[in-house]
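One structure below.
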Amino acid sequence: MGRRPTIIDVAKLAGVSKSTAARALSDSPDVNEVTRDKVRKAAIASGYERNHLAVGMRSGRSGLFGLVIPDITNPFWAEVARGAQDIVGENGASLLVFSSDWDHDREASHLRALRQARVEGAIVNPVSDNAEDFGRFGVPFSLIGSSAERFPDTPSIGSDIRQAVRLGLDHLVARGHPAPALILGPKSRLARARFLRSVHEHCLERDIDPAVLQVEDGDYTFEGGHSAMQRLMARQPSGHLTVFCANDLMALGAMLAVREAGRECPRDVSILGFDGVPAGAFSWPGLTTIEKPARELGRRAAQALFDEIAGRPQDGRTYLPCRLIERGSLADLSVQTPLRVAGAGRS
């Protein structure tokens, strides 16, 4: 059949009327099992697929949910999407995924598209600062990520950034790196402020002036981390350099810059990442990182959305703890001086 099969084709093949075929496929109780089975077999034989949007317009349910994430190219957000999809799929529905690219207008456009698709609900990592933008969305939603903290009256799920940063800094201190340089995201992002505030708190507890820490912006991208690392090495051409990157993409970019400069990680430069993306396990050396529970974050956000729809809304914000993954990108300076490490193996 050169065209897409319709309900009329199914009805003809089953030997029933169009309305009977439609009722059978929608599990109407006024169709007997013999007829229902005949119609279902005809639908399979013809290759017929129901138009879920049309069904949703009639029933008020579409079986569709939306997810708006900031960067679909970042493996962290891909894991979030996978977790959300798992829960949505377990509930017999499908997930539409959009990337806002941290752009307010693009986010608004995606929300309009989801509303037009008659989704039953959406999960959003918000770019907008205006809660009314989501109120006008007109369907249930849950929020994820650090930026969701701007909406305290809306239930949201996020990683415990404070716990994660302190976990990383405690590990650095134990390895002899009390005052690392930082590669951070853009100043406009709340995640940067949360990360930096946690670093400052940790420094003050250890009588370290936060102002002594070198800080570079890396835009949360591989290329940004690469450029930021080049600037740090230009400022400190000798001696051991330690860097704590606010995400793994920047950390991986930094590792490439180190190799291109003829220096070695971790002999000359120690690097700690943040996020726990799978690529960190395959770099050389493997990237030591603080893993945020990306897939679990997506699962919990989707479950919160279903709870909201079922009239069991969650209260406040839920923080998920992070964990350290130790690989090979950090030198242990607790048992030797930075000078020896930086010059090890050189003649």
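Every chain in the structure tokens has a letter given in the order shown (A, B, ...), and although residue numbers restart at 1 in each chain, ligands are simply numbered from 1 in the order shown.
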Legend entry - Polymer residues at most 12 Å from Val199 of chain A, only C-alpha atoms, same-chain spacing of 6 or more positions, as a ChimeraX atom specification: /A:161-170,172,178-182,184,192-193,205-206,208-211,213,215,244-246
Inset, instruction - Just the strand (DSSP E) stuff from segment 155-315 of chain A, please, per backbone DSSP, written as a ChimeraX atom specification. - result: /A:156-159,181-184,215-217,241-245,269-275,288-291
Export of prior selection with C-alpha atoms as a compact mmCIF listing (two decimals), in the first residue's frame:
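Saved the output as result-v4.txt:
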```
# COMPACT_ATOMS: atom_id res chain seq x y z
CA SER A 156 11.76 20.46 41.56
CA ILE A 157 14.56 17.89 41.48
CA GLY A 158 18.27 18.66 41.37
CA SER A 159 21.72 17.43 42.30
CA ALA A 181 42.22 26.83 39.97
CA LEU A 182 38.61 26.79 38.77
CA ILE A 183 37.13 26.53 35.29
CA LEU A 184 33.49 27.61 35.54
CA VAL A 215 39.18 31.45 37.95
CA GLU A 216 38.54 31.06 34.23
CA ASP A 217 35.27 30.83 32.31
CA LEU A 241 48.82 23.11 38.39
CA THR A 242 45.58 21.78 39.84
CA VAL A 243 42.22 22.51 38.21
CA PHE A 244 38.65 21.81 39.35
CA CYS A 245 36.29 22.04 36.36
CA VAL A 269 48.60 19.14 35.80
CA SER A 270 45.91 17.56 37.99
CA ILE A 271 42.30 17.81 36.78
CA LEU A 272 39.05 17.09 38.62
CA GLY A 273 35.78 16.98 36.68
CA PHE A 274 32.14 17.36 37.62
CA ASP A 275 29.08 15.52 36.20
CA THR A 288 38.52 11.69 38.27
CA THR A 289 35.14 13.35 38.69
CA ILE A 290 32.18 14.04 40.92
CA GLU A 291 29.26 12.13 39.43
```
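Across A:Thr318, A:Ser26, A:Thr154, A:Ser46, the tightest approach to Ser142 of chain A is made by A:Thr154 when counting only C-alpha atoms.
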Inset, instruction - Excluding Ile123 of chain A and residues on its chain fewer than 3 positions from it, collect all residues at most 8 Å away from it, counting only C-alpha atoms, and give them as JSON, numbers by chain. - result: {"A": [66, 67, 68, 141, 142, 143, 144, 301, 302, 305]}
Would you export the selected residues with all heavy atoms as a compact mmCIF listing (two decimals), in the first residue's frame, please?
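Contents of again01.txt, freshly written:
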```txt
# COMPACT_ATOMS: atom_id res chain seq x y z
N GLY A 66 6.53 15.91 27.50
CA GLY A 66 7.64 16.69 26.96
C GLY A 66 8.80 16.80 27.94
O GLY A 66 8.62 16.73 29.16
N LEU A 67 9.99 16.96 27.39
CA LEU A 67 11.20 17.22 28.17
C LEU A 67 11.97 18.32 27.47
O LEU A 67 12.32 18.18 26.29
CB LEU A 67 12.06 15.96 28.29
CG LEU A 67 13.44 16.14 28.94
CD1 LEU A 67 13.30 16.54 30.40
CD2 LEU A 67 14.27 14.87 28.81
N VAL A 68 12.22 19.43 28.17
CA VAL A 68 13.00 20.53 27.61
C VAL A 68 14.28 20.65 28.42
O VAL A 68 14.26 21.01 29.60
CB VAL A 68 12.22 21.86 27.64
CG1 VAL A 68 13.04 22.97 27.00
CG2 VAL A 68 10.89 21.72 26.93
N PHE A 141 3.63 20.32 35.11
CA PHE A 141 5.05 20.25 34.80
C PHE A 141 5.86 20.08 36.06
O PHE A 141 5.40 20.37 37.16
CB PHE A 141 5.53 21.50 34.04
CG PHE A 141 5.38 22.79 34.81
CD1 PHE A 141 6.40 23.26 35.61
CD2 PHE A 141 4.21 23.53 34.73
CE1 PHE A 141 6.28 24.44 36.32
CE2 PHE A 141 4.07 24.71 35.43
CZ PHE A 141 5.10 25.17 36.23
N SER A 142 7.07 19.56 35.91
CA SER A 142 8.04 19.51 37.00
C SER A 142 9.33 20.15 36.50
O SER A 142 9.58 20.20 35.29
CB SER A 142 8.30 18.06 37.45
OG SER A 142 8.87 17.29 36.42
N LEU A 143 10.14 20.66 37.43
CA LEU A 143 11.36 21.37 37.07
C LEU A 143 12.59 20.59 37.54
O LEU A 143 12.54 19.89 38.55
CB LEU A 143 11.37 22.77 37.69
CG LEU A 143 10.23 23.70 37.29
CD1 LEU A 143 10.37 25.04 37.99
CD2 LEU A 143 10.18 23.89 35.78
N ILE A 144 13.68 20.73 36.81
CA ILE A 144 14.92 20.05 37.15
C ILE A 144 16.09 21.02 37.03
O ILE A 144 16.00 22.06 36.37
CB ILE A 144 15.19 18.83 36.24
CG1 ILE A 144 15.12 19.24 34.75
CG2 ILE A 144 14.21 17.71 36.53
CD1 ILE A 144 15.50 18.14 33.80
N ALA A 301 12.31 13.18 38.27
CA ALA A 301 11.54 14.30 37.73
C ALA A 301 10.29 13.81 37.02
O ALA A 301 9.21 14.40 37.14
CB ALA A 301 12.41 15.12 36.77
N ALA A 302 10.43 12.70 36.28
CA ALA A 302 9.26 12.14 35.60
C ALA A 302 8.25 11.59 36.60
O ALA A 302 7.04 11.78 36.45
CB ALA A 302 9.71 11.04 34.64
N LEU A 305 6.31 14.33 38.08
CA LEU A 305 5.28 14.81 37.16
C LEU A 305 4.04 13.91 37.22
O LEU A 305 2.91 14.41 37.27
CB LEU A 305 5.85 14.84 35.74
CG LEU A 305 4.90 15.31 34.65
CD1 LEU A 305 4.36 16.70 34.94
CD2 LEU A 305 5.60 15.28 33.29
```
Legend entry - Which of A:Ala294, A:Met250, A:Ala108, A:Phe65 sits closest to Asn91 of chain A [using only C-alpha atoms]: A:Phe65
Legend entry - alpha helix (DSSP H) call set, DSSP backbone run, segment 1-38 of chain A, as a PyMOL selection string: chain A and resi 7-14+18-25+33-38
Please write the residues from the selection above to a file, keeping N, CA and C atoms, as a PDB file, in the first residue's frame.
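The result, stored in selection.pdb:
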```pdb
ATOM      1  N   ILE A   7      -8.115   4.116   9.179  1.00  0.00           N
ATOM      2  CA  ILE A   7      -9.093   3.313   9.913  1.00  0.00           C
ATOM      3  C   ILE A   7     -10.098   2.686   8.955  1.00  0.00           C
ATOM      4  N   ILE A   8     -10.319   3.343   7.804  1.00  0.00           N
ATOM      5  CA  ILE A   8     -11.235   2.789   6.797  1.00  0.00           C
ATOM      6  C   ILE A   8     -10.666   1.495   6.223  1.00  0.00           C
ATOM      7  N   ASP A   9      -9.366   1.469   5.976  1.00  0.00           N
ATOM      8  CA  ASP A   9      -8.722   0.239   5.485  1.00  0.00           C
ATOM      9  C   ASP A   9      -8.854  -0.892   6.492  1.00  0.00           C
ATOM     10  N   VAL A  10      -8.679  -0.568   7.756  1.00  0.00           N
ATOM     11  CA  VAL A  10      -8.812  -1.580   8.812  1.00  0.00           C
ATOM     12  C   VAL A  10     -10.241  -2.119   8.836  1.00  0.00           C
ATOM     13  N   ALA A  11     -11.211  -1.219   8.752  1.00  0.00           N
ATOM     14  CA  ALA A  11     -12.615  -1.623   8.796  1.00  0.00           C
ATOM     15  C   ALA A  11     -12.965  -2.549   7.634  1.00  0.00           C
ATOM     16  N   LYS A  12     -12.495  -2.212   6.425  1.00  0.00           N
ATOM     17  CA  LYS A  12     -12.774  -3.051   5.255  1.00  0.00           C
ATOM     18  C   LYS A  12     -12.155  -4.434   5.419  1.00  0.00           C
ATOM     19  N   LEU A  13     -10.905  -4.468   5.896  1.00  0.00           N
ATOM     20  CA  LEU A  13     -10.214  -5.744   6.061  1.00  0.00           C
ATOM     21  C   LEU A  13     -10.878  -6.612   7.128  1.00  0.00           C
ATOM     22  N   ALA A  14     -11.426  -5.970   8.164  1.00  0.00           N
ATOM     23  CA  ALA A  14     -12.080  -6.719   9.251  1.00  0.00           C
ATOM     24  C   ALA A  14     -13.536  -7.015   8.950  1.00  0.00           C
ATOM     25  N   LYS A  18     -16.598   1.586   9.934  1.00  0.00           N
ATOM     26  CA  LYS A  18     -15.517   2.437  10.405  1.00  0.00           C
ATOM     27  C   LYS A  18     -15.670   2.744  11.890  1.00  0.00           C
ATOM     28  N   SER A  19     -16.886   3.043  12.338  1.00  0.00           N
ATOM     29  CA  SER A  19     -17.104   3.387  13.750  1.00  0.00           C
ATOM     30  C   SER A  19     -16.844   2.192  14.653  1.00  0.00           C
ATOM     31  N   THR A  20     -17.192   0.988  14.190  1.00  0.00           N
ATOM     32  CA  THR A  20     -16.928  -0.208  15.004  1.00  0.00           C
ATOM     33  C   THR A  20     -15.426  -0.447  15.130  1.00  0.00           C
ATOM     34  N   ALA A  21     -14.710  -0.261  14.020  1.00  0.00           N
ATOM     35  CA  ALA A  21     -13.265  -0.439  14.060  1.00  0.00           C
ATOM     36  C   ALA A  21     -12.624   0.554  15.026  1.00  0.00           C
ATOM     37  N   ALA A  22     -13.091   1.814  14.973  1.00  0.00           N
ATOM     38  CA  ALA A  22     -12.541   2.836  15.861  1.00  0.00           C
ATOM     39  C   ALA A  22     -12.827   2.504  17.318  1.00  0.00           C
ATOM     40  N   ARG A  23     -14.048   2.040  17.601  1.00  0.00           N
ATOM     41  CA  ARG A  23     -14.387   1.692  18.994  1.00  0.00           C
ATOM     42  C   ARG A  23     -13.587   0.500  19.468  1.00  0.00           C
ATOM     43  N   ALA A  24     -13.358  -0.455  18.598  1.00  0.00           N
ATOM     44  CA  ALA A  24     -12.591  -1.650  18.977  1.00  0.00           C
ATOM     45  C   ALA A  24     -11.159  -1.293  19.334  1.00  0.00           C
ATOM     46  N   LEU A  25     -10.560  -0.381  18.550  1.00  0.00           N
ATOM     47  CA  LEU A  25      -9.166  -0.011  18.798  1.00  0.00           C
ATOM     48  C   LEU A  25      -9.008   0.910  19.995  1.00  0.00           C
ATOM     49  N   GLU A  33     -15.580  -9.277  22.208  1.00  0.00           N
ATOM     50  CA  GLU A  33     -14.178  -9.681  22.097  1.00  0.00           C
ATOM     51  C   GLU A  33     -13.842 -10.273  20.736  1.00  0.00           C
ATOM     52  N   VAL A  34     -14.794 -10.972  20.130  1.00  0.00           N
ATOM     53  CA  VAL A  34     -14.538 -11.571  18.818  1.00  0.00           C
ATOM     54  C   VAL A  34     -14.279 -10.474  17.784  1.00  0.00           C
ATOM     55  N   THR A  35     -15.148  -9.453  17.795  1.00  0.00           N
ATOM     56  CA  THR A  35     -14.981  -8.341  16.854  1.00  0.00           C
ATOM     57  C   THR A  35     -13.708  -7.558  17.161  1.00  0.00           C
ATOM     58  N   ARG A  36     -13.455  -7.335  18.444  1.00  0.00           N
ATOM     59  CA  ARG A  36     -12.254  -6.584  18.841  1.00  0.00           C
ATOM     60  C   ARG A  36     -10.990  -7.289  18.351  1.00  0.00           C
ATOM     61  N   ASP A  37     -10.954  -8.619  18.510  1.00  0.00           N
ATOM     62  CA  ASP A  37      -9.786  -9.378  18.073  1.00  0.00           C
ATOM     63  C   ASP A  37      -9.636  -9.327  16.556  1.00  0.00           C
ATOM     64  N   LYS A  38     -10.749  -9.396  15.833  1.00  0.00           N
ATOM     65  CA  LYS A  38     -10.715  -9.329  14.373  1.00  0.00           C
ATOM     66  C   LYS A  38     -10.169  -7.979  13.895  1.00  0.00           C
TER      67      LYS A  38
END
```
Inset, instruction - Considering only C-alpha atoms, return as a list in words whatever protein or nucleic-acid residues lie within 9 Å of Val119 of chain A, sequence-local ones (same chain, fewer than 5 positions apart) excluded. - result: Gly56, Arg61, Ser62, Gly63, Leu64, Phe65, Gly66, Leu96, Leu114 and Val139 of chain A
Restricting the output to C-alpha atoms, write the selected residues as a JSON list (two decimals), in the first residue's frame.
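Result went into part-v1.json, see below:
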```
[["chain", "number", "residue", "atom", "x", "y", "z"],
["A", 56, "GLY", "CA", -5.87, 12.98, 22.32],
["A", 61, "ARG", "CA", -5.24, 12.34, 26.62],
["A", 62, "SER", "CA", -2.42, 12.17, 24.10],
["A", 63, "GLY", "CA", -0.02, 9.67, 25.68],
["A", 64, "LEU", "CA", 2.71, 12.25, 25.09],
["A", 65, "PHE", "CA", 4.99, 14.04, 27.55],
["A", 66, "GLY", "CA", 7.64, 16.69, 26.96],
["A", 96, "LEU", "CA", 9.20, 14.37, 23.17],
["A", 114, "LEU", "CA", 4.36, 20.99, 23.39],
["A", 139, "VAL", "CA", -0.42, 21.61, 31.67]]
```
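The spacing separating atom CA of Arg295 of chain A from atom CA of Glu79 of chain A amounts to 5.0 Å.
Closest approach to Met229 of chain A from the set A:Val258, A:Ile69, A:Val16, A:Val212 is made by A:Val258, with distances taken over only C-alpha atoms.
We find atom CA of Ala122 of chain A and atom CA of Lys187 of chain A to be spaced 27.4 Å apart.
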Legend entry - Polymer residues at most 10 Å from Glu260 of chain A, only C-alpha atoms, same-chain spacing of 5 or more positions, as a PyMOL selection string: chain A and resi 226+230+254-255
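Atom CA of Ile72 of chain A is found 23.8 Å from atom CA of Gly92 of chain A.
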